[in-house]
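See below for my_file_14.cif, which holds mmCIF, C-alpha atoms and all ligand atoms.
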```
data_run
#
loop_
_atom_site.group_PDB
_atom_site.id
_atom_site.type_symbol
_atom_site.label_atom_id
_atom_site.label_comp_id
_atom_site.auth_asym_id
_atom_site.auth_seq_id
_atom_site.Cartn_x
_atom_site.Cartn_y
_atom_site.Cartn_z
ATOM 1 C CA MET G 4 0.000 0.000 0.000
ATOM 2 C CA ARG G 5 2.649 2.497 1.021
ATOM 3 C CA PRO G 6 4.844 2.272 -2.112
ATOM 4 C CA SER G 7 1.822 2.746 -4.417
ATOM 5 C CA LEU G 8 0.729 5.756 -2.406
ATOM 6 C CA ALA G 9 4.187 7.244 -2.808
ATOM 7 C CA ILE G 10 4.026 6.727 -6.583
ATOM 8 C CA LEU G 11 0.592 8.322 -6.689
ATOM 9 C CA ALA G 12 1.842 11.310 -4.720
ATOM 10 C CA ALA G 13 4.788 11.693 -7.114
ATOM 11 C CA THR G 14 2.441 11.557 -10.122
ATOM 12 C CA VAL G 15 0.193 14.204 -8.627
ATOM 13 C CA ALA G 16 3.207 16.398 -7.904
ATOM 14 C CA LEU G 17 4.399 16.061 -11.512
ATOM 15 C CA ALA G 18 0.948 16.849 -12.886
ATOM 16 C CA GLY G 19 0.945 19.924 -10.675
ATOM 17 C CA CYS G 20 4.055 21.223 -12.460
ATOM 18 C CA GLY G 21 1.888 22.133 -15.433
ATOM 19 C CA GLN G 22 3.550 19.905 -18.001
ATOM 20 C CA GLU G 23 0.899 18.010 -19.956
ATOM 21 C CA LYS G 24 -2.701 19.037 -19.529
ATOM 22 C CA GLN G 25 -4.820 16.133 -18.353
ATOM 23 C CA LEU G 26 -8.437 15.350 -19.159
ATOM 24 C CA TYR G 27 -10.746 17.169 -16.743
ATOM 25 C CA VAL G 28 -14.288 18.421 -16.296
ATOM 26 C CA SER G 29 -15.325 21.879 -15.068
ATOM 27 C CA ASP G 30 -18.374 24.087 -14.468
ATOM 28 C CA ALA G 31 -20.836 21.350 -13.585
ATOM 29 C CA TRP G 32 -24.330 22.369 -12.520
ATOM 30 C CA VAL G 33 -27.727 20.757 -12.295
ATOM 31 C CA ARG G 34 -31.094 22.479 -12.724
ATOM 32 C CA LEU G 35 -33.822 20.809 -10.697
ATOM 33 C CA PRO G 36 -37.222 20.320 -12.344
ATOM 34 C CA ALA G 37 -40.061 22.808 -11.730
ATOM 35 C CA VAL G 38 -42.287 19.861 -10.820
ATOM 36 C CA ALA G 39 -40.941 17.208 -8.433
ATOM 37 C CA GLY G 40 -40.645 13.831 -10.090
ATOM 38 C CA ARG G 41 -39.691 15.247 -13.482
ATOM 39 C CA PRO G 42 -36.083 14.814 -14.658
ATOM 40 C CA ALA G 43 -33.367 17.358 -13.836
ATOM 41 C CA ALA G 44 -30.856 18.625 -16.407
ATOM 42 C CA GLY G 45 -27.098 18.757 -15.960
ATOM 43 C CA TYR G 46 -24.455 20.825 -17.740
ATOM 44 C CA PHE G 47 -20.647 20.858 -17.694
ATOM 45 C CA THR G 48 -17.538 21.406 -19.801
ATOM 46 C CA LEU G 49 -15.182 18.597 -20.815
ATOM 47 C CA HIS G 50 -11.523 19.500 -21.372
ATOM 48 C CA GLY G 51 -9.474 17.055 -23.417
ATOM 49 C CA GLY G 52 -6.079 15.826 -22.264
ATOM 50 C CA PRO G 53 -3.061 14.996 -24.454
ATOM 51 C CA THR G 54 -4.969 12.183 -26.205
ATOM 52 C CA PRO G 55 -8.574 11.975 -27.449
ATOM 53 C CA ALA G 56 -11.130 10.545 -25.021
ATOM 54 C CA THR G 57 -14.733 9.384 -25.233
ATOM 55 C CA LEU G 58 -17.299 10.150 -22.548
ATOM 56 C CA ILE G 59 -19.634 7.170 -22.207
ATOM 57 C CA ALA G 60 -21.638 7.933 -19.055
ATOM 58 C CA VAL G 61 -22.268 10.435 -16.303
ATOM 59 C CA SER G 62 -23.874 9.114 -13.149
ATOM 60 C CA ALA G 63 -24.899 10.462 -9.759
ATOM 61 C CA ASP G 64 -25.579 8.468 -6.627
ATOM 62 C CA THR G 65 -28.514 10.812 -5.930
ATOM 63 C CA ALA G 66 -30.238 10.017 -9.250
ATOM 64 C CA ILE G 67 -31.686 6.623 -10.145
ATOM 65 C CA ARG G 68 -30.890 6.874 -13.832
ATOM 66 C CA THR G 69 -29.139 9.256 -16.211
ATOM 67 C CA GLU G 70 -28.964 9.733 -19.977
ATOM 68 C CA LEU G 71 -26.808 11.870 -22.251
ATOM 69 C CA HIS G 72 -29.036 13.919 -24.567
ATOM 70 C CA GLU G 73 -28.775 16.291 -27.460
ATOM 71 C CA THR G 74 -31.398 18.939 -28.220
ATOM 72 C CA LYS G 75 -32.282 19.021 -31.901
ATOM 73 C CA ARG G 76 -34.613 20.975 -34.121
ATOM 74 C CA THR G 77 -36.914 18.857 -36.270
ATOM 75 C CA ALA G 78 -37.791 19.615 -39.909
ATOM 76 C CA ASN G 79 -40.934 21.483 -38.813
ATOM 77 C CA GLY G 80 -38.962 23.619 -36.353
ATOM 78 C CA ALA G 81 -39.942 21.911 -33.110
ATOM 79 C CA MET G 82 -37.315 21.160 -30.480
ATOM 80 C CA THR G 83 -36.753 17.544 -29.570
ATOM 81 C CA MET G 84 -34.188 15.555 -27.603
ATOM 82 C CA ALA G 85 -32.269 12.515 -28.730
ATOM 83 C CA LYS G 86 -30.221 10.154 -26.603
ATOM 84 C CA ILE G 87 -26.504 10.047 -27.364
ATOM 85 C CA ALA G 88 -24.446 6.969 -26.536
ATOM 86 C CA SER G 89 -21.065 8.661 -26.245
ATOM 87 C CA VAL G 90 -19.333 11.975 -26.751
ATOM 88 C CA PRO G 91 -15.856 12.281 -28.295
ATOM 89 C CA VAL G 92 -13.522 14.718 -26.533
ATOM 90 C CA PRO G 93 -10.696 15.777 -28.872
ATOM 91 C CA ALA G 94 -7.165 16.039 -27.497
ATOM 92 C CA LEU G 95 -6.841 19.431 -25.773
ATOM 93 C CA GLY G 96 -10.324 20.261 -27.069
ATOM 94 C CA LYS G 97 -13.306 21.626 -25.179
ATOM 95 C CA VAL G 98 -16.802 20.116 -25.305
ATOM 96 C CA ARG G 99 -19.653 22.000 -23.671
ATOM 97 C CA PHE G 100 -22.904 20.607 -22.384
ATOM 98 C CA GLU G 101 -25.139 23.674 -22.194
ATOM 99 C CA PRO G 102 -28.792 24.714 -22.276
ATOM 100 C CA GLY G 103 -30.203 24.263 -25.794
ATOM 101 C CA GLY G 104 -27.499 21.744 -26.722
ATOM 102 C CA ARG G 105 -26.062 18.609 -25.222
ATOM 103 C CA HIS G 106 -27.169 17.929 -21.667
ATOM 104 C CA LEU G 107 -27.400 15.290 -18.997
ATOM 105 C CA MET G 108 -30.869 14.121 -17.969
ATOM 106 C CA LEU G 109 -31.165 12.876 -14.398
ATOM 107 C CA PHE G 110 -34.201 10.782 -13.489
ATOM 108 C CA GLY G 111 -35.397 9.914 -10.011
ATOM 109 C CA ILE G 112 -33.627 12.656 -8.068
ATOM 110 C CA ASN G 113 -33.272 11.909 -4.378
ATOM 111 C CA PRO G 114 -35.417 14.403 -2.385
ATOM 112 C CA VAL G 115 -32.377 15.304 -0.249
ATOM 113 C CA VAL G 116 -31.036 17.219 -3.266
ATOM 114 C CA LYS G 117 -32.057 20.867 -2.838
ATOM 115 C CA PRO G 118 -31.080 24.106 -4.563
ATOM 116 C CA GLY G 119 -27.770 25.307 -3.111
ATOM 117 C CA SER G 120 -26.540 21.795 -2.434
ATOM 118 C CA ALA G 121 -24.145 19.805 -4.586
ATOM 119 C CA MET G 122 -24.553 16.599 -6.552
ATOM 120 C CA THR G 123 -21.447 14.521 -7.106
ATOM 121 C CA LEU G 124 -21.281 13.469 -10.752
ATOM 122 C CA THR G 125 -19.103 10.581 -11.926
ATOM 123 C CA PHE G 126 -17.869 10.995 -15.500
ATOM 124 C CA THR G 127 -16.880 7.681 -17.078
ATOM 125 C CA PHE G 128 -14.751 7.494 -20.211
ATOM 126 C CA ALA G 129 -14.293 4.633 -22.687
ATOM 127 C CA ASP G 130 -10.789 3.825 -21.375
ATOM 128 C CA SER G 131 -12.429 3.418 -17.908
ATOM 129 C CA THR G 132 -11.069 6.732 -16.611
ATOM 130 C CA ARG G 133 -13.446 8.098 -13.989
ATOM 131 C CA ILE G 134 -13.623 11.722 -12.893
ATOM 132 C CA LEU G 135 -15.701 12.892 -9.943
ATOM 133 C CA LEU G 136 -16.937 16.464 -9.787
ATOM 134 C CA ASP G 137 -19.467 18.249 -7.575
ATOM 135 C CA ALA G 138 -22.199 19.983 -9.566
ATOM 136 C CA THR G 139 -23.875 23.085 -8.158
ATOM 137 C CA VAL G 140 -27.608 22.470 -7.787
ATOM 138 C CA ILE G 141 -30.018 25.286 -8.690
ATOM 139 C CA ALA G 142 -33.814 25.611 -8.702
ATOM 140 C CA ALA G 143 -35.833 25.464 -11.919
ATOM 141 C CA GLY G 144 -36.189 29.250 -12.228
ATOM 142 C CA ASP G 145 -32.670 30.239 -11.110
ATOM 143 C CA PRO G 146 -30.255 31.904 -13.539
ATOM 144 C CA GLU G 147 -27.420 29.811 -14.935
ATOM 145 C CA PRO G 148 -24.442 29.868 -12.501
ATOM 146 C CA LYS G 149 -21.456 31.831 -13.803
HETATM 147 CU CU CU K 201 -32.919 15.650 -22.446
#
```

Render the structure in this file as structure tokens.
Amino acid sequence: MRPSLAILAATVALAGCGQEKQLYVSDAWVRLPAVAGRPAAGYFTLHGGPTPATLIAVSADTAIRTELHETKRTANGAMTMAKIASVPVPALGKVRFEPGGRHLMLFGINPVVKPGSAMTLTFTFADSTRILLDATVIAAGDPEPK
């Protein structure tokens, strides 16, 4: 246990020297539904590391089920949502999940989740990398956090 911890600490120290940028996620927030029981929507920004990555899932232990969605306009101009299986993150690229575009749908939100609290999101990538990030939780009518 101890030697592996030492290696981990050394790796973290090296990463902290600002050499190669690693894959990370920032600016995560979740908008609760106006009506309890409806799904919530989550938004965040993916930042690619030195190699391309593929986001395959985002989960939360305070939501029963989640889906990655994309908002699309149909031929007659109506807005609709489609499920997306995965999202490519280009090396050193930026991919935004934002209102009106790609978003996370969270179903079955635990009632303990209130505006002003945080929801821990787990971002899972195709190479099995996992990144945990706390998302700011806001009420349905609140402005987007800056
Ligand atoms: Cu959706």

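As for atom CA of G:Leu49 and atom CA of G:Ile141, they are spaced 20.3 Å apart.
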
- Task: Translate the PyMOL selection byres (((not hetatm)) within 7 of (chain K and resi 201)), as applied to the file shown, into an explicit residue set as a list of chain:residue names.
- Result: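 Going through the file, the PyMOL selection byres (((not hetatm)) within 7 of (chain K and resi 201)) ends up selecting G:His72, G:Glu73, G:Thr74, G:Met84, G:His106, G:Leu107, G:Met108.
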
- Message: With 12 Å as the threshold, what does the neighbourhood of (-41.2, 15.8, -15.3) contain in terms of residues, counting all atoms listed in the file? Coordinates are those of the file; answer as a PyMOL selection string.
- Response: chain G and resi 35-44+108-112+143

- Mind telling me what the PyMOL selection byres (((chain G and resi 24) around 6) and not hetatm) catches here, as a PyMOL selection string? chain G and resi 23+25+52

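Between atom CA of G:Ser29 and atom CA of G:Ser62 lies a distance of 15.5 Å.
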
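Distance annotation: of G:Ala94, G:Val28, G:Val61, G:Ala66, the residue with the minimal separation from G:Pro114 is G:Ala66; atom set is only C-alpha atoms.
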
- Task: Point out the residue among G:Arg133, G:Pro91, G:Val140, G:Gly96 with the least atom-to-atom distance to G:Ser120, counting only C-alpha atoms.
- Result: G:Val140

- How many Å lie between atom CA of G:Ala78 and atom CA of G:Tyr46, rounded to one decimal?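 Separation of atom CA of G:Ala78 and atom CA of G:Tyr46: 25.9 Å.
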
- Long-range neighbours of G:Leu95 as an MDAnalysis selection string, 8 Å cut-off, all atoms listed in the file, 2 positions minimum in chain: chainID G and resid 24 26 50:55 93 97

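Counting only C-alpha atoms, the residue from G:Asn113, G:Thr132, G:Thr123, G:Ser89 that sits nearest to G:Ile59 is G:Ser89.
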
- Evaluate the PyMOL selection byres (((chain G and resi 90) around 10) and not hetatm) here and jot the selected residues down as number ranges by chain. G: 49, 56-60, 71, 87-89, 91-93, 98, 105, 128-129

Enclose all atoms of stretch 83-95 of chain G listed in the file in an axis-aligned box, grow every side by 6 Å, and hand back centre and edge lengths in Å to one decimal, as AutoDock Vina command-line options.
```
--center_x -21.8 --center_y 13.2 --center_z -27.7 --size_x 41.9 --size_y 24.5 --size_z 15.8
```

- Task: Please provide the set of residues having any atom within 7 Å of G:Ile134, restricted to all atoms listed in the file, with same-chain residues fewer than 3 positions apart removed, written as a ChimeraX atom specification.
- Result: /G:125-127

Prev. selection, C-alpha atoms, output as a compact mmCIF listing (two decimals), in the frame of the given file:
```txt
# COMPACT_ATOMS: atom_id res chain seq x y z
CA THR G 125 -19.10 10.58 -11.93
CA PHE G 126 -17.87 11.00 -15.50
CA THR G 127 -16.88 7.68 -17.08
```

As a compact mmCIF listing (two decimals), in the frame of the given file, could you write out stretch 56-74 of chain G once it has been completed with N, CA and C atoms?
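Contents of the output file out.txt:
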```txt
# COMPACT_ATOMS: atom_id res chain seq x y z
N ALA G 56 -10.40 11.38 -25.97
CA ALA G 56 -11.13 10.54 -25.02
C ALA G 56 -12.59 10.46 -25.47
N THR G 57 -13.31 9.52 -24.90
CA THR G 57 -14.73 9.38 -25.23
C THR G 57 -15.53 9.25 -23.95
N LEU G 58 -16.42 10.21 -23.71
CA LEU G 58 -17.30 10.15 -22.55
C LEU G 58 -18.40 9.14 -22.83
N ILE G 59 -18.59 8.17 -21.95
CA ILE G 59 -19.63 7.17 -22.21
C ILE G 59 -20.77 7.23 -21.19
N ALA G 60 -20.56 7.85 -20.05
CA ALA G 60 -21.64 7.93 -19.06
C ALA G 60 -21.33 8.99 -18.01
N VAL G 61 -22.39 9.55 -17.46
CA VAL G 61 -22.27 10.44 -16.30
C VAL G 61 -23.32 9.96 -15.31
N SER G 62 -22.91 9.62 -14.12
CA SER G 62 -23.87 9.11 -13.15
C SER G 62 -23.80 9.92 -11.86
N ALA G 63 -24.84 9.79 -11.05
CA ALA G 63 -24.90 10.46 -9.76
C ALA G 63 -25.53 9.50 -8.78
N ASP G 64 -24.97 9.41 -7.57
CA ASP G 64 -25.58 8.47 -6.63
C ASP G 64 -26.89 9.01 -6.06
N THR G 65 -27.23 10.26 -6.38
CA THR G 65 -28.51 10.81 -5.93
C THR G 65 -29.53 10.89 -7.08
N ALA G 66 -29.26 10.15 -8.16
CA ALA G 66 -30.24 10.02 -9.25
C ALA G 66 -30.32 8.54 -9.60
N ILE G 67 -31.52 8.06 -9.87
CA ILE G 67 -31.69 6.62 -10.14
C ILE G 67 -31.10 6.28 -11.50
N ARG G 68 -31.30 7.18 -12.47
CA ARG G 68 -30.89 6.87 -13.83
C ARG G 68 -30.48 8.17 -14.53
N THR G 69 -29.55 8.07 -15.45
CA THR G 69 -29.14 9.26 -16.21
C THR G 69 -29.03 8.90 -17.69
N GLU G 70 -29.15 9.92 -18.53
CA GLU G 70 -28.96 9.73 -19.98
C GLU G 70 -28.25 10.97 -20.52
N LEU G 71 -27.42 10.75 -21.53
CA LEU G 71 -26.81 11.87 -22.25
C LEU G 71 -27.75 12.21 -23.40
N HIS G 72 -28.08 13.48 -23.54
CA HIS G 72 -29.04 13.92 -24.57
C HIS G 72 -28.47 15.04 -25.42
N GLU G 73 -29.09 15.18 -26.57
CA GLU G 73 -28.78 16.29 -27.46
C GLU G 73 -30.10 16.92 -27.88
N THR G 74 -30.19 18.24 -27.77
CA THR G 74 -31.40 18.94 -28.22
C THR G 74 -31.27 19.18 -29.71
```
